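K.L.:
Below is one structure. I have some questions about it.
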Amino acid sequence: MSSASSSSSPFENGVMLYMVYLSKEELQRFKQLLVDENPRPGSVQITWDEVKTARWGEVVHLLMEYFPGRLAWDVTRDIFAKMNQTELCLQVQMELNDILPRLEPADANPREMPVNMEERESDKIQEYKLHVIDECSTTCSKTTWPGNHLDFFYQETERHKRFLPCLFLPRRPQGRQPMTVVLQGVAGVGKTTLAKKVMLEWAQNKFYPHKFWCASYIHCWEVAQVEKQSFSELIAHKWPGSKALMSKIMSKPDQLLLLFDGFEEVTLTLTDRPTDLSEDWSQKLPGSILLTSLLSKRMLPEATILITLRFTSRRKLKPFLKQPSFITLTGFGMAERGKYFRTYFGNKREADEALSFVMGNTILLSMCQVPVVCWMVCSCLRQQMETADLRQVYPNATALFVQYLSSLFPTKAGGLPGNTHQEQLRGLCYLAAEGMWNMKWVFDPKDLEHAKLEETTVATFLRVNIFQRVAGDQDPYTFAFMSFQEFFAALWYVLSSLQRLRNFQVLDSVHVMRLIAYPGRKKNYLAQMGLFLFGLLNETCALAAEKSFRCKLTLSNRKKLLKVAALSHEFGPPTPHHGVPQLLYCLHEIQEEAFVSQILNDCQKAALTISKVKDMQVSAFCLKHCRHLRCLKLTITLTVTQVSTPHPESLRSTEPESSDQCFLWWRDFCSVFWTHVSLEVLAVTNTFMETDSARALHAALRHPRCPLQKLIFRHVNPSMLNEDFFQVLIENRYMRHLEIQGTEVRCETMEFLCTVLKYPQCYLQRLSLEDCSLNPKSWIDIARHLRSNIHSKTLILGSSYLETFGEYYLSVAQLERLLENCDLTLLSCTSLTSSLKRNENLTHLSLAENALKDEGAKQLCSALQHSSCPLQRLVLRNCNLTSECCQEMASALDKNKNLRSLDLGFNSLKDDGVILLFEALENPESVLQILECLFTCVCCQAMASMFLHNQSLRYLDVSKNDIGCRGTLLLQEAFQQRKWKARAVL
C-alpha cells in the first residue's frame, strides 16, 4: 500500500478486518480471553479496565501495541481456537501468510506507561474533560437550527458513527496505526461534527480507552489570529493548571492527540521552506510556520493528528503531510436520507410524496447527502406540497434554494427600503462571487467594506444565519454554509442593475470554462456554482427569484454561456474519476430543451462513464439533444435492473440504483440509438450489464431505424453476448463492423455468431475477435461460415490459432483483410504462404508482433513474387527480421505490381538490408507508395538515389531514424531535384 492511502471507509486496507464480524457477545468473550492471555516477551499485561469498553477496531490496536510483530496474530489465532472459531483461525493464518514477508520488525521496547500525574493534576485534566463534554454534547446532540427553525432536527450519520472505533486502524502491511488521518469531504457533510464526536468520546473515556491520549481540538483560526505564539501557549488555555502539568503532557508527545479543524477558514499560506520550520514546541512562531511545523510533523513527530479538510484544500495541504491516511466522509447514505424524510414528515403519505419528487431529480437527491440540505429540502417541500404541484414550483434544484434563501433575506432583513435592499443583495452576491473565484471562504471587515455591506446588514445576515462568525466573537465572517456562497455567487451574474451603464455583470469566456470544465483528478470546487447559475437561467426559476428576492434579473449571460459551451462539439472524460462532463449536469439543471439543443446540436463524439444514478438521468436527458452524434463510447459500472413499480420505499435499501426509475432512464438513454440518424459507432467497454438492461440495449440496436454501423464490445460480461445481441447483425441492415475484445466468448456465443453469419441479411464486413479465448473448433466454424457470407471482407483475429488453422481463414474467397497478432512459427508461415498463393482477394495482411524471423519472411516473399498475389498492404512490424531476408524482400518489391504499402518498422534490418530495399525501389516501374523502416545516415545516399528514380513513393517515415545533418542535406537535395513530389516525415 502506498504511504498515502485514500478510502471512503477506514475499514479498507486495514489489518484483522475479520474482527468486525464478531457479535457483541463474541467480542466480549474475546476481550476476556485477551486479558487472561499471559504476557509475551517484550509485552505488558492488558487490564480489563483498558479493554472493557473497547470496540473491535480499538481491540486491534490493543493487540498491535501489547503484542509486537507477529505475536498479535499468534495471540488472536489462539483466542479464536479457544472460542472454537475455526474459520476465523484460518483467516488469521491466511492474513499472516500474506503480510509476514512485509511485516516490520517488532519494537523491542515494552509499551510505555502513561504520564504519572499527581492527584491535583489529574483533577485538572478531569475538569478539562468535563468542560469538553459540556461543550461537545451540544454540538453532537443539537435539536434546533438556526435559532427559530424549530422543525430542524439532527440525525447522526450511521456510517460516520461506525468510523469512530477504526479511524486509526493499522494499515497493511506494517501493522501500525497511521499517525496522520485526514477526514475529507464536501462542506457541510459532517467533518466538524465527527471531530467533536471524537473529542466527546475521548472525554468520556470511550475513544481508544487503552491509549493515554491528551486530546486537544484546535481551530486553525486560533493559530492564525495571534501574530506569534508557541505551541505550548496555544494549548495552555485549554489545559488549566501549572507549567509543571504542561511540561508533563509535552514530555510524552506520543500521547498527544491533536484535532485540526477549520483549515479553509484561515488565509495562512503554509511555508514550503524546511529551514523555516521548528522542532521546539516552546518557541514563539508566526502562525503559518507554527501550523506547517505541526502538520508536517517537524514539531511533535510522535503525536497523532486528525485533520478535517474539504476536497478543495487537499492539493494545497497534502504535500506537507507525512504518510497521511485519507478517509472520505460522504454524509447521508440513501437509507439515511429516506429515514430523515420519514422522520421529518411523520405522515407517511407526505413523506412518500416528497421522496418520490426528490428521487425524480437525482441532482437534488445527491445534494441531500449534506444533512442540512436534507432538512432544507424537507422544509421547502412541506410548504408547497399541499397547495401546488412540486414539479411546477421546483423545475430544478436551484428553485428550492431560491425559496429557502429568499425566505431568509427580504423579510428577516428588517424590511429595508427598495434601493437599500437591492444594494445589500448586490453587495452580498458580489462578496460571494469574488470569494468563489479566489477560493476565499472567510471575509474580514475590509472585504465587507469593499462589497459595500454595512454593519447593520452584516448583523442581520448573522442573525438569520446567512453569515456566521469564524470563531467566537471575532471579526472575520463566512457564509453559514458553502452552498449559500455558491448560490449568491451565481445570482451575481443574473442580477440587473439600473444604476450601471451595463446593467448586468458579464461573464467572460475564461470564467465560463472554469464553471463547466473538467476538474481533472481533483473535484471542481466551482461545479455547484455552475449548477446554480444554469438553474437561475431557467425562466421559471428566474421569475420565482425575481418575485422572492424583490429584484430585477436578466438572462443576458445566456448568450455568453451558449457561445462558449457550444465551442466544444465533442466531450469526453479526461480521467476515469469523472465520467460525465460537468457541462451535462449544468444543461440538465437549466431544463430548457431549446437552449440545450443549441449547445449540443453539433456534438459528434461523446465518452461517458456512468457510475451513479444521476449520471444516468443527466446523460439520458442531454444525449437526446446531440442530434449529430456520430460516435458514443460508453462505460457503465452502475447496476441497472427492472424491479417493481417505482416507489420511495426503495430508499430504504442501500442500492437505489436498482429501482425502476433508473431503468426507465436507461431505456430513454437507449432510444438515442434509433432516433439519431448520424450515429455510426457504439463502443461499450469495462461494463457489466444485468439481463434487463442488456435486453433494453439489444432491443434498441435491433430497431428498424437504428443507423449504427460499427459495434465494439471490450471487456464486458459474457452474458451480454447472447442470442438477442447477435440478432442485431441480422435485423440491423446497417451493421458492418463487429469487434469483441478481451471478453470470454463461450461455446453458445460462438454458435449464435456462426448462425447469424449464414443469413444473407447479415451484412457484416469486418469481424474482430481480439484477446478472446476460443477453442480450435470455434475458429474452424468461423472460417467456414465466413465463406458462406458474401459480405465479409476483413477478419481480425488477435491471439488465435493461425498456426494450425490459417488455411481456413485464407480460403475464404471474398476475404480482403486478415489482421491479427498471434504467435506464429515457421510452420504457420508455410501454411499461410500456401493459402496466400491461392487467395485471389486478400489485399491487407498484418503479421505484426510475431516472431516470423528471416525464414518465415522469406516464405512470405516467395508468395509476393507471384504476379497473381493481390496483396496491397503488408505489415511485418516487430517480427524479428534482419538483413538476411532483405534480398528476398527486394526481389518481391521488384516483381510485385500490387503491393502499395510495406511496414517493416522495429526490425533489425540494419543499413545493408535497407540499402537493398532502396536499390530495388530505384526501378521506375515500382508501385510501392508507403514504406516504414529503421535505418541510419549510411542509407541516405541510397535513399536519395532512389528518390530521383522512383515515381510512385508518396510516403516515407523516417521520424524514428537518426540521419544526422549530412543525411538531411542529401534528402533535401534529392527532393529539390525530384520531379514527382513525395511526402516525407523527417
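Each chain of the C-alpha cells is named A, B, ... in the order shown, its residues numbered from 1; ligands are numbered from 1 in display order.
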To test your reading of the structure, identify every residue in region 692-752 of chain A that backbone DSSP assigns to alpha helix (DSSP H), and report it as an MDAnalysis selection string.
P.N.:
chainID A and resid 692:701 723:731 747:752
K.L.:
Excluding same-chain residues fewer than 4 positions from region 671-675 of chain A, what lies within 6 Å of it counting only C-alpha atoms, as a ChimeraX atom specification?
P.N.:
/A:624,705-706
K.L.:
Show which residues sit within 10 Å of Leu200 (chain A), as a VMD selection string. Count only C-alpha atoms, and ignore same-chain residues fewer than 2 positions away.
P.N.:
chain A and resid 129 to 137 139 to 140 194 to 198 202 to 207
K.L.:
Could those residues be written to a file, using N, CA, C and O atoms, as a compact mmCIF listing (two decimals), in the first residue's frame?
P.N.:
# COMPACT_ATOMS: atom_id res chain seq x y z
N LYS A 129 -11.85 17.59 30.89
CA LYS A 129 -12.71 16.63 30.20
C LYS A 129 -14.18 16.97 30.42
O LYS A 129 -15.00 16.84 29.49
N LEU A 130 -14.54 17.39 31.62
CA LEU A 130 -15.93 17.77 31.88
C LEU A 130 -16.32 18.98 31.03
O LEU A 130 -17.45 19.07 30.54
N HIS A 131 -15.37 19.91 30.88
CA HIS A 131 -15.62 21.07 30.02
C HIS A 131 -15.84 20.64 28.57
O HIS A 131 -16.73 21.15 27.89
N VAL A 132 -15.03 19.69 28.09
CA VAL A 132 -15.18 19.18 26.73
C VAL A 132 -16.53 18.50 26.57
O VAL A 132 -17.23 18.69 25.55
N ILE A 133 -16.93 17.71 27.54
CA ILE A 133 -18.22 17.02 27.48
C ILE A 133 -19.35 18.03 27.38
O ILE A 133 -20.28 17.88 26.57
N ASP A 134 -19.28 19.07 28.19
CA ASP A 134 -20.33 20.09 28.19
C ASP A 134 -20.39 20.82 26.85
O ASP A 134 -21.46 21.08 26.32
N GLU A 135 -19.22 21.13 26.30
CA GLU A 135 -19.15 21.89 25.04
C GLU A 135 -19.55 21.05 23.84
O GLU A 135 -20.30 21.50 22.97
N CYS A 136 -19.05 19.83 23.79
CA CYS A 136 -19.28 18.99 22.60
C CYS A 136 -20.62 18.29 22.61
O CYS A 136 -21.13 17.90 21.56
N SER A 137 -21.20 18.09 23.78
CA SER A 137 -22.51 17.44 23.83
C SER A 137 -23.55 18.26 23.10
O SER A 137 -24.42 17.73 22.41
N THR A 139 -22.97 20.27 20.53
CA THR A 139 -22.71 20.13 19.10
C THR A 139 -23.24 18.82 18.55
O THR A 139 -23.81 18.76 17.46
N CYS A 140 -23.06 17.75 19.31
CA CYS A 140 -23.39 16.41 18.81
C CYS A 140 -24.83 16.00 19.07
O CYS A 140 -25.23 14.91 18.68
N LEU A 194 -18.00 15.15 13.38
CA LEU A 194 -17.31 13.92 13.73
C LEU A 194 -16.08 14.21 14.58
O LEU A 194 -15.76 13.46 15.52
N ALA A 195 -15.37 15.31 14.27
CA ALA A 195 -14.21 15.68 15.09
C ALA A 195 -14.63 15.98 16.52
O ALA A 195 -13.96 15.57 17.49
N LYS A 196 -15.75 16.71 16.67
CA LYS A 196 -16.26 17.00 18.02
C LYS A 196 -16.72 15.71 18.71
O LYS A 196 -16.59 15.57 19.94
N LYS A 197 -17.23 14.77 17.93
CA LYS A 197 -17.64 13.48 18.49
C LYS A 197 -16.43 12.72 19.03
O LYS A 197 -16.50 12.08 20.07
N VAL A 198 -15.31 12.82 18.32
CA VAL A 198 -14.08 12.20 18.81
C VAL A 198 -13.68 12.82 20.15
O VAL A 198 -13.33 12.12 21.10
N TRP A 202 -13.56 10.88 23.67
CA TRP A 202 -12.30 10.85 24.40
C TRP A 202 -12.52 11.31 25.84
O TRP A 202 -12.04 10.69 26.80
N ALA A 203 -13.27 12.40 26.00
CA ALA A 203 -13.52 12.94 27.33
C ALA A 203 -14.35 11.96 28.17
O ALA A 203 -14.23 11.95 29.40
N GLN A 204 -15.15 11.13 27.52
CA GLN A 204 -15.96 10.13 28.23
C GLN A 204 -15.24 8.80 28.37
O GLN A 204 -15.83 7.82 28.81
N ASN A 205 -13.94 8.79 27.99
CA ASN A 205 -13.11 7.58 28.09
C ASN A 205 -13.67 6.43 27.24
O ASN A 205 -13.57 5.27 27.61
N LYS A 206 -14.26 6.78 26.08
CA LYS A 206 -14.80 5.77 25.18
C LYS A 206 -13.97 5.62 23.91
O LYS A 206 -14.09 4.62 23.21
N PHE A 207 -13.18 6.62 23.58
CA PHE A 207 -12.44 6.61 22.31
C PHE A 207 -11.03 6.10 22.55
O PHE A 207 -10.23 6.75 23.20
K.L.:
Counting only C-alpha atoms, which residue out of A:Leu767, A:Ile218, A:Leu934, A:Leu921 sits closest to His737 (chain A)?
P.N.:
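Among the listed residues, A:Leu767 lies closest to His737 (chain A).
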K.L.:
Quick one: residues within 8 Å of Gln283 (chain A), only C-alpha atoms, excluding same-chain residues fewer than 4 positions away - as a compact mmCIF listing (two decimals) with C-alpha atoms, in the first residue's frame?
P.N.:
# COMPACT_ATOMS: atom_id res chain seq x y z
CA GLN A 229 2.92 32.18 19.66
CA SER A 230 4.36 28.85 20.72
CA PHE A 231 2.51 25.58 20.65
CA SER A 278 10.85 24.43 14.03
K.L.:
So, counting only C-alpha atoms, which residue among A:Ser597, A:Leu400, A:Cys220, A:Ala351 is closest to Leu290 (chain A)?
P.N.:
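Distance minimum relative to Leu290 (chain A) lands on A:Cys220.
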K.L.:
Just how far from CA of Asn732 (chain A) is CA of Ser792 (chain A), in Å to one decimal?
P.N.:
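Separation between CA of Ser792 (chain A) and CA of Asn732 (chain A): 15.6 Å.
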